[in-house]
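Participant: Structure file coords11.cif, mmCIF, C-alpha atoms, is pasted below:
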data_data
loop_
_atom_site.label_atom_id
_atom_site.label_comp_id
_atom_site.auth_asym_id
_atom_site.auth_seq_id
_atom_site.Cartn_x
_atom_site.Cartn_y
_atom_site.Cartn_z
CA MET A 1 98.39 78.03 148.58
CA LEU A 2 98.96 80.61 151.26
CA GLN A 3 102.37 80.53 152.86
CA ARG A 4 103.16 81.91 156.26
CA GLU A 5 106.18 83.93 155.12
CA GLN A 6 104.20 85.72 152.44
CA LEU A 7 101.41 86.58 154.87
CA GLU A 8 103.88 87.90 157.45
CA LYS A 9 105.56 90.10 154.83
CA PHE A 10 102.18 91.41 153.68
CA LEU A 11 101.17 92.26 157.23
CA LYS A 12 104.54 93.94 157.96
CA VAL A 13 104.17 96.10 154.85
CA ASN A 14 100.77 97.20 156.16
CA GLY A 15 102.20 97.94 159.63
CA VAL A 16 100.56 95.03 161.46
CA PRO A 17 102.59 92.45 163.39
CA PRO A 18 101.82 88.79 162.62
CA ASN A 19 100.85 88.17 166.25
CA ALA A 20 98.19 90.90 166.22
CA PRO A 21 94.60 90.01 167.15
CA ASP A 22 92.50 88.30 164.53
CA ASP A 23 90.18 91.28 164.15
CA VAL A 24 93.06 93.59 163.21
CA ILE A 25 94.43 91.11 160.69
CA LYS A 26 90.97 90.57 159.21
CA SER A 27 90.41 94.30 158.81
CA VAL A 28 93.75 94.70 156.99
CA LEU A 29 93.05 91.80 154.66
CA ILE A 30 89.47 92.88 153.96
CA SER A 31 90.64 96.44 153.24
CA ALA A 32 93.03 94.86 150.70
CA GLN A 33 89.90 93.35 149.07
CA TRP A 34 90.55 89.75 150.07
CA HIS A 35 87.56 87.41 150.03
CA GLU A 36 86.21 86.05 153.28
CA GLU A 37 87.36 82.50 152.53
CA ASP A 38 90.89 83.74 151.86
CA VAL A 39 90.89 85.80 155.05
CA GLU A 40 89.84 82.78 157.11
CA ALA A 41 92.51 80.64 155.45
CA ALA A 42 95.14 83.32 156.15
CA ILE A 43 94.15 83.44 159.82
CA LEU A 44 94.40 79.65 160.05
CA VAL A 45 97.83 79.67 158.42
CA LEU A 46 99.08 82.40 160.75
CA ARG A 47 97.78 80.62 163.86
CA GLU A 48 99.19 77.20 163.00
CA ASN A 49 102.17 75.65 164.68
CA PRO A 50 105.08 76.21 162.23
CA LYS A 51 106.76 72.95 163.23
CA SER A 52 103.87 70.50 163.30
CA HIS A 53 101.46 72.23 160.87
CA GLU A 54 98.47 71.05 162.90
CA THR A 55 95.87 73.48 161.61
CA HIS A 56 97.42 73.54 158.15
CA VAL A 57 95.74 70.27 157.21
CA ASP A 58 92.39 71.50 158.52
CA SER A 59 92.64 74.74 156.56
CA LEU A 60 93.47 72.89 153.37
CA HIS A 61 90.40 70.71 153.80
CA LYS A 62 88.23 73.74 154.51
CA VAL A 63 89.45 75.72 151.51
CA PHE A 64 90.27 73.12 148.88
CA ARG A 65 88.24 70.02 149.79
CA THR A 66 84.82 71.53 150.26
CA ASP A 67 81.76 70.18 148.50
CA ASP A 68 80.36 73.67 148.04
CA ARG A 69 80.39 75.20 144.59
CA LEU A 70 82.63 78.17 144.08
CA LYS A 71 80.91 81.48 143.69
CA PRO A 72 81.53 83.43 140.47
CA GLU A 73 83.19 86.17 142.52
CA THR A 74 85.67 83.68 143.98
CA ILE A 75 86.50 82.26 140.55
CA SER A 76 87.02 85.77 139.20
CA SER A 77 89.39 86.64 142.02
CA LEU A 78 91.34 83.38 141.64
CA LEU A 79 91.75 83.84 137.91
CA GLY A 80 92.34 87.57 138.09
CA ILE A 81 89.55 88.28 135.63
CA GLU A 82 87.01 90.97 136.36
CA MET A 83 83.63 89.78 135.09
CA GLU A 84 80.10 90.38 136.17
CA VAL A 85 78.66 86.85 136.22
CA THR A 86 75.94 86.03 138.67
CA SER A 87 74.56 82.66 139.69
CA GLU A 88 71.33 83.52 137.86
CA ASP A 89 73.29 83.99 134.61
CA ILE A 90 74.82 80.55 135.04
CA GLU A 91 71.43 78.95 135.65
CA LYS A 92 69.99 80.66 132.56
CA GLU A 93 72.87 79.31 130.48
CA HIS A 94 72.30 75.80 131.86
CA ASP A 95 68.64 76.05 130.86
CA VAL A 96 69.61 77.09 127.31
CA VAL A 97 72.03 74.17 126.99
CA ARG A 98 69.44 71.72 128.30
CA SER A 99 66.86 72.96 125.81
CA THR A 100 69.22 72.67 122.81
CA PHE A 101 70.24 69.04 123.43
CA THR A 102 66.88 67.35 123.09
CA PRO A 103 66.57 63.62 122.37
CA GLY A 104 65.16 64.38 118.91
CA ARG A 105 68.21 66.41 117.95
CA MET A 106 70.52 63.74 119.31
CA LEU A 107 68.71 61.15 117.18
CA VAL A 108 69.04 63.32 114.05
CA VAL A 109 72.77 63.82 114.66
CA SER A 110 73.24 60.07 115.22
CA VAL A 111 71.37 59.12 112.04
CA ILE A 112 73.25 61.66 109.93
CA SER A 113 76.65 60.60 111.28
CA LEU A 114 75.87 56.89 110.80
CA SER A 115 74.64 57.39 107.22
CA LEU A 116 77.66 59.56 106.31
CA SER A 117 80.07 56.98 107.70
CA VAL A 118 78.37 54.18 105.70
CA ILE A 119 78.52 56.30 102.53
CA PHE A 120 82.23 57.05 103.03
CA VAL A 121 83.05 53.38 103.67
CA PHE A 122 81.26 52.30 100.48
CA ALA A 123 82.92 55.13 98.52
CA ALA A 124 86.36 54.04 99.77
CA MET A 125 85.63 50.42 98.87
CA TRP A 126 84.52 51.47 95.36
CA PHE A 127 87.55 53.75 94.85
CA LEU A 128 90.04 51.12 96.08
CA GLN A 129 88.12 48.28 94.40
CA THR A 130 87.93 46.18 97.54
CA GLY A 131 85.17 44.34 99.37
CA LEU A 132 81.94 44.36 97.39
CA PHE A 133 83.60 46.18 94.49
CA HIS A 134 86.56 43.81 94.02
CA HIS A 135 86.95 42.57 90.45
CA THR A 136 86.37 38.96 91.51
CA SER A 137 83.05 39.78 93.16
CA ASN A 138 79.86 38.89 91.33
CA LEU A 139 78.13 42.06 92.52
CA THR A 140 80.06 44.32 90.11
CA THR A 141 78.81 42.45 87.06
CA LEU A 142 75.14 43.08 87.82
#
Could you render the structure as structure tokens?

Facilitator:
Amino acid sequence: MLQREQLEKFLKVNGVPPNAPDDVIKSVLISAQWHEEDVEAAILVLRENPKSHETHVDSLHKVFRTDDRLKPETISSLLGIEMEVTSEDIEKEHDVVRSTFTPGRMLVVSVISLSLSVIFVFAAMWFLQTGLFHHTSNLTTL
């Protein structure tokens, strides 16, 4: 979360007063390679009332409570990882995942897991001589 003190220190280091016009602050932040969403949030934090935090709530809802999906560039900047991932790459990967999990494959996995579990239960009963394989059962004498 952006804090007012940190933003003021950043602007002072760059020779811009915190009460400078929005255009000047935006140009400094953009030249420091901030994303547009972060620049807008910084402007909102700087322009809020420090005592009542009136615009602070609005900026939090704009930045953190949006229904929009994050762009790969925004995720990369938040995580500090430099990757070239485009939205098209993500859609291609979704298509590959959708094509691998077909209902036929899910049925095969379900049948194999069910049959293996039944085999292991019967093997455990035979090894421990319980259930159908108990010595008092009539099924073992067949």

Participant: Would you list the contacts of Val16 in chain A as a ChimeraX atom specification, taking every protein, DNA or RNA residue within 9 Å and counting all atoms listed in the file, but skipping same-chain residues closer than 6 positions in sequence?

Facilitator: /A:8,10,24-25,28

Participant: Report, in Å with one decimal, the straight-line distance from CA of Gly15 in chain A to CA of Ser31 in chain A.

Facilitator: 13.3 Å

Participant: Between CA of Val39 in chain A and CA of Ser27 in chain A, what is the spacing in Å?

Facilitator: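 One can read the CA of Ser27 in chain A to CA of Val39 in chain A distance as 9.3 Å.
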
Participant: CA of Ile43 in chain A to CA of Leu11 in chain A: how many Å, to one decimal?

Facilitator: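 We find that CA of Ile43 in chain A and CA of Leu11 in chain A lie 11.6 Å from each other.
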
Participant: In terms of the shortest atom-to-atom distance over only C-alpha atoms, which of A:Val85, A:Ala20, A:Ile90, A:Val13 is closest to Ala32 in chain A?

Facilitator: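 Closest candidate: A:Val13.
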
Participant: Apply the PyMOL selection byres ((chain A and resi 2) around 9) to the file shown and report the selected residues as a list in words.

Facilitator: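 Applied to this file, the PyMOL selection byres ((chain A and resi 2) around 9) returns Met1, Gln3, Arg4, Glu5, Gln6, Leu7, Asp38, Ala41, Ala42 and Val45 of chain A.
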
Participant: Of the candidates A:Ile30, A:Leu128, A:Leu46, A:Val118, which shows the shortest atom-to-atom distance to Pro17 in chain A, using all atoms listed in the file?

Facilitator: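 That would be A:Leu46, the residue with the smallest distance to Pro17 in chain A.
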
Participant: Using only the atoms of range 3-12 of chain A listed in the file, plus 6 Å on each side, state the axis-aligned box centre and edge lengths in Å rounded to one decimal, as AutoDock Vina command-line options.

Facilitator:
--center_x 103.7 --center_y 87.2 --center_z 155.2 --size_x 17.0 --size_y 25.4 --size_z 17.5

Participant: Kindly add N, CA and C atoms to the incomplete range 97-125 of chain A and provide the output as a PDB file, keeping the file's coordinate frame.

Facilitator:
ATOM      1  N   VAL A  97      71.315  75.368 127.446  1.00  0.00           N
ATOM      2  CA  VAL A  97      72.030  74.170 126.990  1.00  0.00           C
ATOM      3  C   VAL A  97      71.123  72.951 127.088  1.00  0.00           C
ATOM      4  N   ARG A  98      70.357  72.853 128.159  1.00  0.00           N
ATOM      5  CA  ARG A  98      69.440  71.720 128.300  1.00  0.00           C
ATOM      6  C   ARG A  98      68.383  71.717 127.209  1.00  0.00           C
ATOM      7  N   SER A  99      67.911  72.900 126.816  1.00  0.00           N
ATOM      8  CA  SER A  99      66.860  72.960 125.810  1.00  0.00           C
ATOM      9  C   SER A  99      67.392  72.694 124.405  1.00  0.00           C
ATOM     10  N   THR A 100      68.691  72.904 124.158  1.00  0.00           N
ATOM     11  CA  THR A 100      69.220  72.670 122.810  1.00  0.00           C
ATOM     12  C   THR A 100      69.545  71.204 122.574  1.00  0.00           C
ATOM     13  N   PHE A 101      69.909  70.448 123.598  1.00  0.00           N
ATOM     14  CA  PHE A 101      70.240  69.040 123.430  1.00  0.00           C
ATOM     15  C   PHE A 101      69.033  68.174 123.773  1.00  0.00           C
ATOM     16  N   THR A 102      68.058  68.175 122.890  1.00  0.00           N
ATOM     17  CA  THR A 102      66.880  67.350 123.090  1.00  0.00           C
ATOM     18  C   THR A 102      67.123  65.972 122.506  1.00  0.00           C
ATOM     19  N   PRO A 103      66.381  64.967 122.934  1.00  0.00           N
ATOM     20  CA  PRO A 103      66.570  63.620 122.370  1.00  0.00           C
ATOM     21  C   PRO A 103      66.329  63.564 120.866  1.00  0.00           C
ATOM     22  N   GLY A 104      65.402  64.361 120.356  1.00  0.00           N
ATOM     23  CA  GLY A 104      65.160  64.380 118.910  1.00  0.00           C
ATOM     24  C   GLY A 104      66.381  64.865 118.135  1.00  0.00           C
ATOM     25  N   ARG A 105      66.999  65.904 118.626  1.00  0.00           N
ATOM     26  CA  ARG A 105      68.210  66.410 117.950  1.00  0.00           C
ATOM     27  C   ARG A 105      69.354  65.418 118.041  1.00  0.00           C
ATOM     28  N   MET A 106      69.470  64.754 119.182  1.00  0.00           N
ATOM     29  CA  MET A 106      70.520  63.740 119.310  1.00  0.00           C
ATOM     30  C   MET A 106      70.284  62.592 118.337  1.00  0.00           C
ATOM     31  N   LEU A 107      69.043  62.211 118.125  1.00  0.00           N
ATOM     32  CA  LEU A 107      68.710  61.150 117.180  1.00  0.00           C
ATOM     33  C   LEU A 107      69.050  61.584 115.753  1.00  0.00           C
ATOM     34  N   VAL A 108      68.736  62.811 115.393  1.00  0.00           N
ATOM     35  CA  VAL A 108      69.040  63.320 114.050  1.00  0.00           C
ATOM     36  C   VAL A 108      70.546  63.329 113.814  1.00  0.00           C
ATOM     37  N   VAL A 109      71.310  63.802 114.792  1.00  0.00           N
ATOM     38  CA  VAL A 109      72.770  63.820 114.660  1.00  0.00           C
ATOM     39  C   VAL A 109      73.308  62.401 114.530  1.00  0.00           C
ATOM     40  N   SER A 110      72.780  61.463 115.291  1.00  0.00           N
ATOM     41  CA  SER A 110      73.240  60.070 115.220  1.00  0.00           C
ATOM     42  C   SER A 110      72.936  59.455 113.863  1.00  0.00           C
ATOM     43  N   VAL A 111      71.741  59.675 113.342  1.00  0.00           N
ATOM     44  CA  VAL A 111      71.370  59.120 112.040  1.00  0.00           C
ATOM     45  C   VAL A 111      72.225  59.719 110.934  1.00  0.00           C
ATOM     46  N   ILE A 112      72.437  61.015 110.963  1.00  0.00           N
ATOM     47  CA  ILE A 112      73.250  61.660 109.930  1.00  0.00           C
ATOM     48  C   ILE A 112      74.686  61.163 109.990  1.00  0.00           C
ATOM     49  N   SER A 113      75.268  61.055 111.188  1.00  0.00           N
ATOM     50  CA  SER A 113      76.650  60.600 111.280  1.00  0.00           C
ATOM     51  C   SER A 113      76.787  59.135 110.857  1.00  0.00           C
ATOM     52  N   LEU A 114      75.820  58.297 111.207  1.00  0.00           N
ATOM     53  CA  LEU A 114      75.870  56.890 110.800  1.00  0.00           C
ATOM     54  C   LEU A 114      75.742  56.756 109.290  1.00  0.00           C
ATOM     55  N   SER A 115      74.820  57.494 108.672  1.00  0.00           N
ATOM     56  CA  SER A 115      74.640  57.390 107.220  1.00  0.00           C
ATOM     57  C   SER A 115      75.863  57.942 106.480  1.00  0.00           C
ATOM     58  N   LEU A 116      76.455  59.029 106.956  1.00  0.00           N
ATOM     59  CA  LEU A 116      77.660  59.560 106.310  1.00  0.00           C
ATOM     60  C   LEU A 116      78.825  58.582 106.417  1.00  0.00           C
ATOM     61  N   SER A 117      78.969  57.933 107.561  1.00  0.00           N
ATOM     62  CA  SER A 117      80.070  56.980 107.700  1.00  0.00           C
ATOM     63  C   SER A 117      79.872  55.778 106.769  1.00  0.00           C
ATOM     64  N   VAL A 118      78.642  55.290 106.619  1.00  0.00           N
ATOM     65  CA  VAL A 118      78.370  54.180 105.700  1.00  0.00           C
ATOM     66  C   VAL A 118      78.670  54.603 104.259  1.00  0.00           C
ATOM     67  N   ILE A 119      78.260  55.805 103.889  1.00  0.00           N
ATOM     68  CA  ILE A 119      78.520  56.300 102.530  1.00  0.00           C
ATOM     69  C   ILE A 119      80.015  56.393 102.275  1.00  0.00           C
ATOM     70  N   PHE A 120      80.787  56.920 103.226  1.00  0.00           N
ATOM     71  CA  PHE A 120      82.230  57.050 103.030  1.00  0.00           C
ATOM     72  C   PHE A 120      82.921  55.689 102.969  1.00  0.00           C
ATOM     73  N   VAL A 121      82.448  54.715 103.734  1.00  0.00           N
ATOM     74  CA  VAL A 121      83.050  53.380 103.670  1.00  0.00           C
ATOM     75  C   VAL A 121      82.793  52.744 102.309  1.00  0.00           C
ATOM     76  N   PHE A 122      81.556  52.861 101.796  1.00  0.00           N
ATOM     77  CA  PHE A 122      81.260  52.300 100.480  1.00  0.00           C
ATOM     78  C   PHE A 122      82.009  53.053  99.380  1.00  0.00           C
ATOM     79  N   ALA A 123      82.167  54.368  99.524  1.00  0.00           N
ATOM     80  CA  ALA A 123      82.920  55.130  98.520  1.00  0.00           C
ATOM     81  C   ALA A 123      84.386  54.714  98.526  1.00  0.00           C
ATOM     82  N   ALA A 124      84.961  54.483  99.698  1.00  0.00           N
ATOM     83  CA  ALA A 124      86.360  54.040  99.770  1.00  0.00           C
ATOM     84  C   ALA A 124      86.517  52.648  99.178  1.00  0.00           C
ATOM     85  N   MET A 125      85.558  51.768  99.447  1.00  0.00           N
ATOM     86  CA  MET A 125      85.630  50.420  98.870  1.00  0.00           C
ATOM     87  C   MET A 125      85.523  50.488  97.348  1.00  0.00           C
TER      88      MET A 125
END
